[in-house]
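Visitor: Just one file: model07.cif, with mmCIF, N, CA and C atoms.
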data_my_file
#
loop_
_atom_site.label_atom_id
_atom_site.label_comp_id
_atom_site.auth_asym_id
_atom_site.auth_seq_id
_atom_site.Cartn_x
_atom_site.Cartn_y
_atom_site.Cartn_z
N MET G 1120 0.82 -1.19 0.00
CA MET G 1120 0.00 0.00 0.00
C MET G 1120 0.87 1.27 0.00
N LYS G 1121 1.95 1.23 0.77
CA LYS G 1121 2.80 2.42 0.81
C LYS G 1121 3.48 2.66 -0.52
N GLN G 1122 3.82 1.57 -1.22
CA GLN G 1122 4.41 1.71 -2.55
C GLN G 1122 3.39 2.31 -3.51
N GLN G 1123 2.16 1.86 -3.38
CA GLN G 1123 1.08 2.40 -4.23
C GLN G 1123 0.89 3.89 -3.95
N GLN G 1124 0.98 4.27 -2.69
CA GLN G 1124 0.87 5.68 -2.33
C GLN G 1124 1.99 6.50 -2.97
N GLN G 1125 3.21 5.99 -2.91
CA GLN G 1125 4.33 6.69 -3.50
C GLN G 1125 4.18 6.83 -5.02
N GLN G 1126 3.71 5.77 -5.65
CA GLN G 1126 3.51 5.81 -7.10
C GLN G 1126 2.46 6.84 -7.48
N LEU G 1127 1.38 6.88 -6.71
CA LEU G 1127 0.33 7.85 -6.99
C LEU G 1127 0.81 9.28 -6.78
N GLU G 1128 1.62 9.48 -5.76
CA GLU G 1128 2.16 10.82 -5.52
C GLU G 1128 3.05 11.25 -6.67
N GLN G 1129 3.84 10.33 -7.20
CA GLN G 1129 4.69 10.65 -8.35
C GLN G 1129 3.85 10.97 -9.58
N LYS G 1130 2.80 10.17 -9.80
CA LYS G 1130 1.91 10.43 -10.94
C LYS G 1130 1.24 11.78 -10.81
N LEU G 1131 0.83 12.11 -9.59
CA LEU G 1131 0.15 13.37 -9.33
C LEU G 1131 1.05 14.55 -9.67
N ASN G 1132 2.32 14.44 -9.33
CA ASN G 1132 3.26 15.53 -9.60
C ASN G 1132 3.53 15.73 -11.08
N SER G 1133 3.43 14.67 -11.86
CA SER G 1133 3.76 14.77 -13.28
C SER G 1133 2.53 14.72 -14.19
N ALA G 1134 1.34 14.64 -13.63
CA ALA G 1134 0.12 14.49 -14.44
C ALA G 1134 -0.37 15.83 -14.97
N ALA G 1135 -1.14 15.72 -16.01
CA ALA G 1135 -1.81 16.89 -16.56
C ALA G 1135 -2.94 17.31 -15.63
N GLU G 1136 -3.34 18.55 -15.72
CA GLU G 1136 -4.35 19.09 -14.80
C GLU G 1136 -5.65 18.28 -14.79
N GLU G 1137 -6.11 17.82 -15.95
CA GLU G 1137 -7.38 17.09 -16.00
C GLU G 1137 -7.27 15.71 -15.35
N GLN G 1138 -6.07 15.16 -15.23
CA GLN G 1138 -5.89 13.85 -14.60
C GLN G 1138 -5.66 13.97 -13.10
N LYS G 1139 -5.25 15.12 -12.64
CA LYS G 1139 -4.88 15.28 -11.24
C LYS G 1139 -6.02 14.99 -10.28
N LYS G 1140 -7.24 15.36 -10.64
CA LYS G 1140 -8.37 15.14 -9.76
C LYS G 1140 -8.60 13.64 -9.53
N ASP G 1141 -8.57 12.86 -10.61
CA ASP G 1141 -8.77 11.41 -10.49
C ASP G 1141 -7.65 10.76 -9.67
N ILE G 1142 -6.43 11.19 -9.91
CA ILE G 1142 -5.29 10.63 -9.17
C ILE G 1142 -5.38 11.01 -7.71
N GLN G 1143 -5.81 12.25 -7.42
CA GLN G 1143 -5.94 12.70 -6.04
C GLN G 1143 -7.00 11.90 -5.29
N VAL G 1144 -8.10 11.59 -5.96
CA VAL G 1144 -9.16 10.77 -5.35
C VAL G 1144 -8.61 9.40 -4.99
N GLU G 1145 -7.89 8.79 -5.91
CA GLU G 1145 -7.30 7.47 -5.66
C GLU G 1145 -6.27 7.54 -4.53
N LEU G 1146 -5.46 8.58 -4.53
CA LEU G 1146 -4.46 8.76 -3.48
C LEU G 1146 -5.13 8.93 -2.12
N ASP G 1147 -6.18 9.70 -2.05
CA ASP G 1147 -6.92 9.88 -0.79
C ASP G 1147 -7.48 8.56 -0.28
N ARG G 1148 -7.98 7.74 -1.22
CA ARG G 1148 -8.53 6.43 -0.84
C ARG G 1148 -7.43 5.54 -0.24
N VAL G 1149 -6.27 5.54 -0.87
CA VAL G 1149 -5.15 4.73 -0.38
C VAL G 1149 -4.70 5.22 1.00
N ILE G 1150 -4.61 6.52 1.18
CA ILE G 1150 -4.20 7.08 2.47
C ILE G 1150 -5.20 6.70 3.56
N GLN G 1151 -6.48 6.77 3.26
CA GLN G 1151 -7.50 6.40 4.25
C GLN G 1151 -7.40 4.93 4.62
N GLU G 1152 -7.16 4.08 3.64
CA GLU G 1152 -7.02 2.65 3.93
C GLU G 1152 -5.78 2.38 4.77
N LEU G 1153 -4.69 3.07 4.48
CA LEU G 1153 -3.48 2.92 5.28
C LEU G 1153 -3.73 3.36 6.72
N LYS G 1154 -4.44 4.45 6.90
CA LYS G 1154 -4.75 4.92 8.25
C LYS G 1154 -5.61 3.91 8.99
N ARG G 1155 -6.57 3.32 8.28
CA ARG G 1155 -7.46 2.33 8.90
C ARG G 1155 -6.68 1.09 9.32
N LYS G 1156 -5.75 0.69 8.48
CA LYS G 1156 -4.98 -0.52 8.78
C LYS G 1156 -3.85 -0.27 9.77
N ASP G 1157 -3.54 0.98 10.03
CA ASP G 1157 -2.44 1.32 10.91
C ASP G 1157 -2.94 1.60 12.33
N THR G 1158 -3.88 0.80 12.78
CA THR G 1158 -4.38 0.94 14.15
C THR G 1158 -4.16 -0.37 14.90
N ASP G 1159 -4.05 -0.26 16.19
CA ASP G 1159 -3.86 -1.45 17.02
C ASP G 1159 -5.04 -2.40 16.91
N THR G 1160 -6.23 -1.86 16.84
CA THR G 1160 -7.43 -2.69 16.75
C THR G 1160 -7.40 -3.54 15.48
N TYR G 1161 -7.04 -2.93 14.36
CA TYR G 1161 -6.97 -3.67 13.10
C TYR G 1161 -5.90 -4.75 13.18
N ARG G 1162 -4.74 -4.38 13.69
CA ARG G 1162 -3.65 -5.36 13.78
C ARG G 1162 -4.03 -6.52 14.69
N ASP G 1163 -4.67 -6.22 15.82
CA ASP G 1163 -5.07 -7.29 16.75
C ASP G 1163 -6.11 -8.21 16.12
N SER G 1164 -7.03 -7.65 15.37
CA SER G 1164 -8.08 -8.49 14.80
C SER G 1164 -7.60 -9.30 13.60
N HIS G 1165 -6.50 -8.90 12.98
CA HIS G 1165 -5.98 -9.62 11.82
C HIS G 1165 -4.68 -10.36 12.11
N ALA G 1166 -4.30 -10.41 13.35
CA ALA G 1166 -3.04 -11.09 13.70
C ALA G 1166 -3.25 -12.60 13.71
N CYS G 1167 -2.24 -13.29 13.32
CA CYS G 1167 -2.25 -14.76 13.38
C CYS G 1167 -1.62 -15.15 14.71
N ARG G 1168 -2.41 -15.75 15.53
CA ARG G 1168 -1.91 -16.13 16.84
C ARG G 1168 -1.90 -17.65 16.94
N ARG G 1169 -0.85 -18.16 17.52
CA ARG G 1169 -0.74 -19.60 17.72
C ARG G 1169 -0.59 -19.84 19.20
N GLN G 1170 -1.22 -20.88 19.64
CA GLN G 1170 -1.13 -21.23 21.04
C GLN G 1170 -0.22 -22.43 21.15
N TYR G 1171 0.80 -22.27 21.92
CA TYR G 1171 1.75 -23.35 22.14
C TYR G 1171 1.53 -23.93 23.52
N THR G 1172 1.63 -25.23 23.58
CA THR G 1172 1.49 -25.89 24.87
C THR G 1172 2.79 -26.54 25.24
N LEU G 1173 3.07 -26.52 26.48
CA LEU G 1173 4.28 -27.19 26.99
C LEU G 1173 3.87 -28.55 27.49
N ASP G 1174 4.35 -29.55 26.83
CA ASP G 1174 4.00 -30.93 27.24
C ASP G 1174 5.13 -31.55 28.01
#
Translate this structure into structure tokens?
Guide:
Amino acid sequence: MKQQQQQLEQKLNSAAEEQKKDIQVELDRVIQELKRKDTDTYRDSHACRRQYTLD
């Protein structure tokens, strides 16, 4: 996701004016998803946990 964000930022800097709005919308969507996934709650709910027993 962070690579996608960087690519979109590069495209935004070099894009024509009529394309900038579409690229900005996509970039905003990626940033929002990164923010959502960068929370402790998200990480805890998507973590793979294994229970080990000592026999």
Visitor: Apply the PyMOL selection byres (((chain G and resi 1120-1128 and name CA) around 10) and name CA) to the structure shown and report the selected residues as an MDAnalysis selection string.
Guide: chainID G and resid 1129:1134 1142:1143 1145:1150 1152:1153
Visitor: Around region 1161-1174 of chain G, with edges along x, y and z and 3 Å added on all six sides, what centre and edge lengths do you get, in Å to one decimal, as AutoDock Vina command-line options?
Guide:
--center_x -1.5 --center_y -17.2 --center_z 19.9 --size_x 19.2 --size_y 34.6 --size_z 22.2
Visitor: Could you pull out the helix (DSSP H, G or I) residues of chain G from DSSP and send them as a ChimeraX atom specification?
Guide: /G:1121-1133,1136-1156,1159-1165
Visitor: For those residues, write N, CA and C atoms to a file as a short mmCIF file (atom, residue, chain, number, x, y, z; two decimals), in the frame of the given file.
Guide:
data_model
loop_
_atom_site.label_atom_id
_atom_site.label_comp_id
_atom_site.auth_asym_id
_atom_site.auth_seq_id
_atom_site.Cartn_x
_atom_site.Cartn_y
_atom_site.Cartn_z
N LYS G 1121 1.95 1.23 0.77
CA LYS G 1121 2.80 2.42 0.81
C LYS G 1121 3.48 2.66 -0.52
N GLN G 1122 3.82 1.57 -1.22
CA GLN G 1122 4.41 1.71 -2.55
C GLN G 1122 3.39 2.31 -3.51
N GLN G 1123 2.16 1.86 -3.38
CA GLN G 1123 1.08 2.40 -4.23
C GLN G 1123 0.89 3.89 -3.95
N GLN G 1124 0.98 4.27 -2.69
CA GLN G 1124 0.87 5.68 -2.33
C GLN G 1124 1.99 6.50 -2.97
N GLN G 1125 3.21 5.99 -2.91
CA GLN G 1125 4.33 6.69 -3.50
C GLN G 1125 4.18 6.83 -5.02
N GLN G 1126 3.71 5.77 -5.65
CA GLN G 1126 3.51 5.81 -7.10
C GLN G 1126 2.46 6.84 -7.48
N LEU G 1127 1.38 6.88 -6.71
CA LEU G 1127 0.33 7.85 -6.99
C LEU G 1127 0.81 9.28 -6.78
N GLU G 1128 1.62 9.48 -5.76
CA GLU G 1128 2.16 10.82 -5.52
C GLU G 1128 3.05 11.25 -6.67
N GLN G 1129 3.84 10.33 -7.20
CA GLN G 1129 4.69 10.65 -8.35
C GLN G 1129 3.85 10.97 -9.58
N LYS G 1130 2.80 10.17 -9.80
CA LYS G 1130 1.91 10.43 -10.94
C LYS G 1130 1.24 11.78 -10.81
N LEU G 1131 0.83 12.11 -9.59
CA LEU G 1131 0.15 13.37 -9.33
C LEU G 1131 1.05 14.55 -9.67
N ASN G 1132 2.32 14.44 -9.33
CA ASN G 1132 3.26 15.53 -9.60
C ASN G 1132 3.53 15.73 -11.08
N SER G 1133 3.43 14.67 -11.86
CA SER G 1133 3.76 14.77 -13.28
C SER G 1133 2.53 14.72 -14.19
N GLU G 1136 -3.34 18.55 -15.72
CA GLU G 1136 -4.35 19.09 -14.80
C GLU G 1136 -5.65 18.28 -14.79
N GLU G 1137 -6.11 17.82 -15.95
CA GLU G 1137 -7.38 17.09 -16.00
C GLU G 1137 -7.27 15.71 -15.35
N GLN G 1138 -6.07 15.16 -15.23
CA GLN G 1138 -5.89 13.85 -14.60
C GLN G 1138 -5.66 13.97 -13.10
N LYS G 1139 -5.25 15.12 -12.64
CA LYS G 1139 -4.88 15.28 -11.24
C LYS G 1139 -6.02 14.99 -10.28
N LYS G 1140 -7.24 15.36 -10.64
CA LYS G 1140 -8.37 15.14 -9.76
C LYS G 1140 -8.60 13.64 -9.53
N ASP G 1141 -8.57 12.86 -10.61
CA ASP G 1141 -8.77 11.41 -10.49
C ASP G 1141 -7.65 10.76 -9.67
N ILE G 1142 -6.43 11.19 -9.91
CA ILE G 1142 -5.29 10.63 -9.17
C ILE G 1142 -5.38 11.01 -7.71
N GLN G 1143 -5.81 12.25 -7.42
CA GLN G 1143 -5.94 12.70 -6.04
C GLN G 1143 -7.00 11.90 -5.29
N VAL G 1144 -8.10 11.59 -5.96
CA VAL G 1144 -9.16 10.77 -5.35
C VAL G 1144 -8.61 9.40 -4.99
N GLU G 1145 -7.89 8.79 -5.91
CA GLU G 1145 -7.30 7.47 -5.66
C GLU G 1145 -6.27 7.54 -4.53
N LEU G 1146 -5.46 8.58 -4.53
CA LEU G 1146 -4.46 8.76 -3.48
C LEU G 1146 -5.13 8.93 -2.12
N ASP G 1147 -6.18 9.70 -2.05
CA ASP G 1147 -6.92 9.88 -0.79
C ASP G 1147 -7.48 8.56 -0.28
N ARG G 1148 -7.98 7.74 -1.22
CA ARG G 1148 -8.53 6.43 -0.84
C ARG G 1148 -7.43 5.54 -0.24
N VAL G 1149 -6.27 5.54 -0.87
CA VAL G 1149 -5.15 4.73 -0.38
C VAL G 1149 -4.70 5.22 1.00
N ILE G 1150 -4.61 6.52 1.18
CA ILE G 1150 -4.20 7.08 2.47
C ILE G 1150 -5.20 6.70 3.56
N GLN G 1151 -6.48 6.77 3.26
CA GLN G 1151 -7.50 6.40 4.25
C GLN G 1151 -7.40 4.93 4.62
N GLU G 1152 -7.16 4.08 3.64
CA GLU G 1152 -7.02 2.65 3.93
C GLU G 1152 -5.78 2.38 4.77
N LEU G 1153 -4.69 3.07 4.48
CA LEU G 1153 -3.48 2.92 5.28
C LEU G 1153 -3.73 3.36 6.72
N LYS G 1154 -4.44 4.45 6.90
CA LYS G 1154 -4.75 4.92 8.25
C LYS G 1154 -5.61 3.91 8.99
N ARG G 1155 -6.57 3.32 8.28
CA ARG G 1155 -7.46 2.33 8.90
C ARG G 1155 -6.68 1.09 9.32
N LYS G 1156 -5.75 0.69 8.48
CA LYS G 1156 -4.98 -0.52 8.78
C LYS G 1156 -3.85 -0.27 9.77
N ASP G 1159 -4.05 -0.26 16.19
CA ASP G 1159 -3.86 -1.45 17.02
C ASP G 1159 -5.04 -2.40 16.91
N THR G 1160 -6.23 -1.86 16.84
CA THR G 1160 -7.43 -2.69 16.75
C THR G 1160 -7.40 -3.54 15.48
N TYR G 1161 -7.04 -2.93 14.36
CA TYR G 1161 -6.97 -3.67 13.10
C TYR G 1161 -5.90 -4.75 13.18
N ARG G 1162 -4.74 -4.38 13.69
CA ARG G 1162 -3.65 -5.36 13.78
C ARG G 1162 -4.03 -6.52 14.69
N ASP G 1163 -4.67 -6.22 15.82
CA ASP G 1163 -5.07 -7.29 16.75
C ASP G 1163 -6.11 -8.21 16.12
N SER G 1164 -7.03 -7.65 15.37
CA SER G 1164 -8.08 -8.49 14.80
C SER G 1164 -7.60 -9.30 13.60
N HIS G 1165 -6.50 -8.90 12.98
CA HIS G 1165 -5.98 -9.62 11.82
C HIS G 1165 -4.68 -10.36 12.11
#
Visitor: Which polymer residues have any atom within 10 Å of an atom of His1165 (chain G), counting only C-alpha atoms, with same-chain residues fewer than 5 positions away left out, as a list of chain:residue names?
Guide: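 Here the qualifying residues turn out to be G:Lys1156, G:Asp1159, G:Thr1160.
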Visitor: Could you please determine the separation between atom C of Asp1141 (chain G) and atom C of Arg1155 (chain G) in Å, to one decimal place?
Guide: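 Result for atom C of Asp1141 (chain G) versus atom C of Arg1155 (chain G): 21.3 Å, one decimal.
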Visitor: Quick one: region 1127-1138 of chain G with all heavy atoms, as a CSV table (one decimal), in the coordinates of the input?
Guide:
chain,number,residue,atom,x,y,z
G,1127,LEU,N,1.4,6.9,-6.7
G,1127,LEU,CA,0.3,7.8,-7.0
G,1127,LEU,C,0.8,9.3,-6.8
G,1127,LEU,O,0.4,10.2,-7.5
G,1127,LEU,CB,-0.9,7.6,-6.1
G,1127,LEU,CG,-1.7,6.3,-6.5
G,1127,LEU,CD1,-2.8,6.0,-5.5
G,1127,LEU,CD2,-2.4,6.5,-7.9
G,1128,GLU,N,1.6,9.5,-5.8
G,1128,GLU,CA,2.2,10.8,-5.5
G,1128,GLU,C,3.0,11.2,-6.7
G,1128,GLU,O,3.0,12.4,-7.1
G,1128,GLU,CB,2.9,10.9,-4.2
G,1128,GLU,CG,2.0,10.8,-3.0
G,1128,GLU,CD,2.8,10.6,-1.7
G,1128,GLU,OE1,4.0,10.3,-1.7
G,1128,GLU,OE2,2.1,10.8,-0.6
G,1129,GLN,N,3.8,10.3,-7.2
G,1129,GLN,CA,4.7,10.6,-8.4
G,1129,GLN,C,3.8,11.0,-9.6
G,1129,GLN,O,4.1,11.9,-10.3
G,1129,GLN,CB,5.6,9.5,-8.6
G,1129,GLN,CG,6.7,9.3,-7.6
G,1129,GLN,CD,7.6,8.1,-7.9
G,1129,GLN,OE1,7.3,7.3,-8.7
G,1129,GLN,NE2,8.7,8.0,-7.1
G,1130,LYS,N,2.8,10.2,-9.8
G,1130,LYS,CA,1.9,10.4,-10.9
G,1130,LYS,C,1.2,11.8,-10.8
G,1130,LYS,O,1.1,12.5,-11.8
G,1130,LYS,CB,0.8,9.3,-11.0
G,1130,LYS,CG,1.3,8.0,-11.6
G,1130,LYS,CD,0.1,7.1,-11.8
G,1130,LYS,CE,0.5,5.8,-12.3
G,1130,LYS,NZ,-0.7,4.9,-12.4
G,1131,LEU,N,0.8,12.1,-9.6
G,1131,LEU,CA,0.2,13.4,-9.3
G,1131,LEU,C,1.0,14.6,-9.7
G,1131,LEU,O,0.6,15.5,-10.3
G,1131,LEU,CB,-0.3,13.4,-7.9
G,1131,LEU,CG,-1.1,14.6,-7.5
G,1131,LEU,CD1,-2.5,14.7,-8.2
G,1131,LEU,CD2,-1.4,14.6,-6.0
G,1132,ASN,N,2.3,14.4,-9.3
G,1132,ASN,CA,3.3,15.5,-9.6
G,1132,ASN,C,3.5,15.7,-11.1
G,1132,ASN,O,3.8,16.8,-11.5
G,1132,ASN,CB,4.6,15.3,-8.9
G,1132,ASN,CG,4.4,15.4,-7.4
G,1132,ASN,OD1,3.6,16.1,-6.9
G,1132,ASN,ND2,5.3,14.7,-6.6
G,1133,SER,N,3.4,14.7,-11.9
G,1133,SER,CA,3.8,14.8,-13.3
G,1133,SER,C,2.5,14.7,-14.2
G,1133,SER,O,2.7,14.8,-15.4
G,1133,SER,CB,4.7,13.7,-13.7
G,1133,SER,OG,4.1,12.4,-13.5
G,1134,ALA,N,1.3,14.6,-13.6
G,1134,ALA,CA,0.1,14.5,-14.4
G,1134,ALA,C,-0.4,15.8,-15.0
G,1134,ALA,O,-0.1,16.9,-14.4
G,1134,ALA,CB,-1.0,13.8,-13.6
G,1135,ALA,N,-1.1,15.7,-16.0
G,1135,ALA,CA,-1.8,16.9,-16.6
G,1135,ALA,C,-2.9,17.3,-15.6
G,1135,ALA,O,-3.4,16.5,-14.8
G,1135,ALA,CB,-2.4,16.6,-17.9
G,1136,GLU,N,-3.3,18.6,-15.7
G,1136,GLU,CA,-4.4,19.1,-14.8
G,1136,GLU,C,-5.6,18.3,-14.8
G,1136,GLU,O,-6.2,18.1,-13.7
G,1136,GLU,CB,-4.7,20.5,-15.2
G,1136,GLU,CG,-3.6,21.5,-14.8
G,1136,GLU,CD,-3.3,21.5,-13.3
G,1136,GLU,OE1,-4.3,21.5,-12.5
G,1136,GLU,OE2,-2.2,21.6,-12.9
G,1137,GLU,N,-6.1,17.8,-16.0
G,1137,GLU,CA,-7.4,17.1,-16.0
G,1137,GLU,C,-7.3,15.7,-15.4
G,1137,GLU,O,-8.3,15.1,-14.9
G,1137,GLU,CB,-7.9,17.0,-17.4
G,1137,GLU,CG,-7.0,16.3,-18.4
G,1137,GLU,CD,-6.0,17.3,-19.1
G,1137,GLU,OE1,-6.1,18.5,-18.9
G,1137,GLU,OE2,-5.2,16.8,-19.9
G,1138,GLN,N,-6.1,15.2,-15.2
G,1138,GLN,CA,-5.9,13.8,-14.6
G,1138,GLN,C,-5.7,14.0,-13.1
G,1138,GLN,O,-5.8,13.0,-12.4
G,1138,GLN,CB,-4.7,13.1,-15.2
G,1138,GLN,CG,-4.9,12.8,-16.7
G,1138,GLN,CD,-3.7,12.1,-17.3
G,1138,GLN,OE1,-2.6,12.5,-16.9
G,1138,GLN,NE2,-3.9,11.2,-18.2
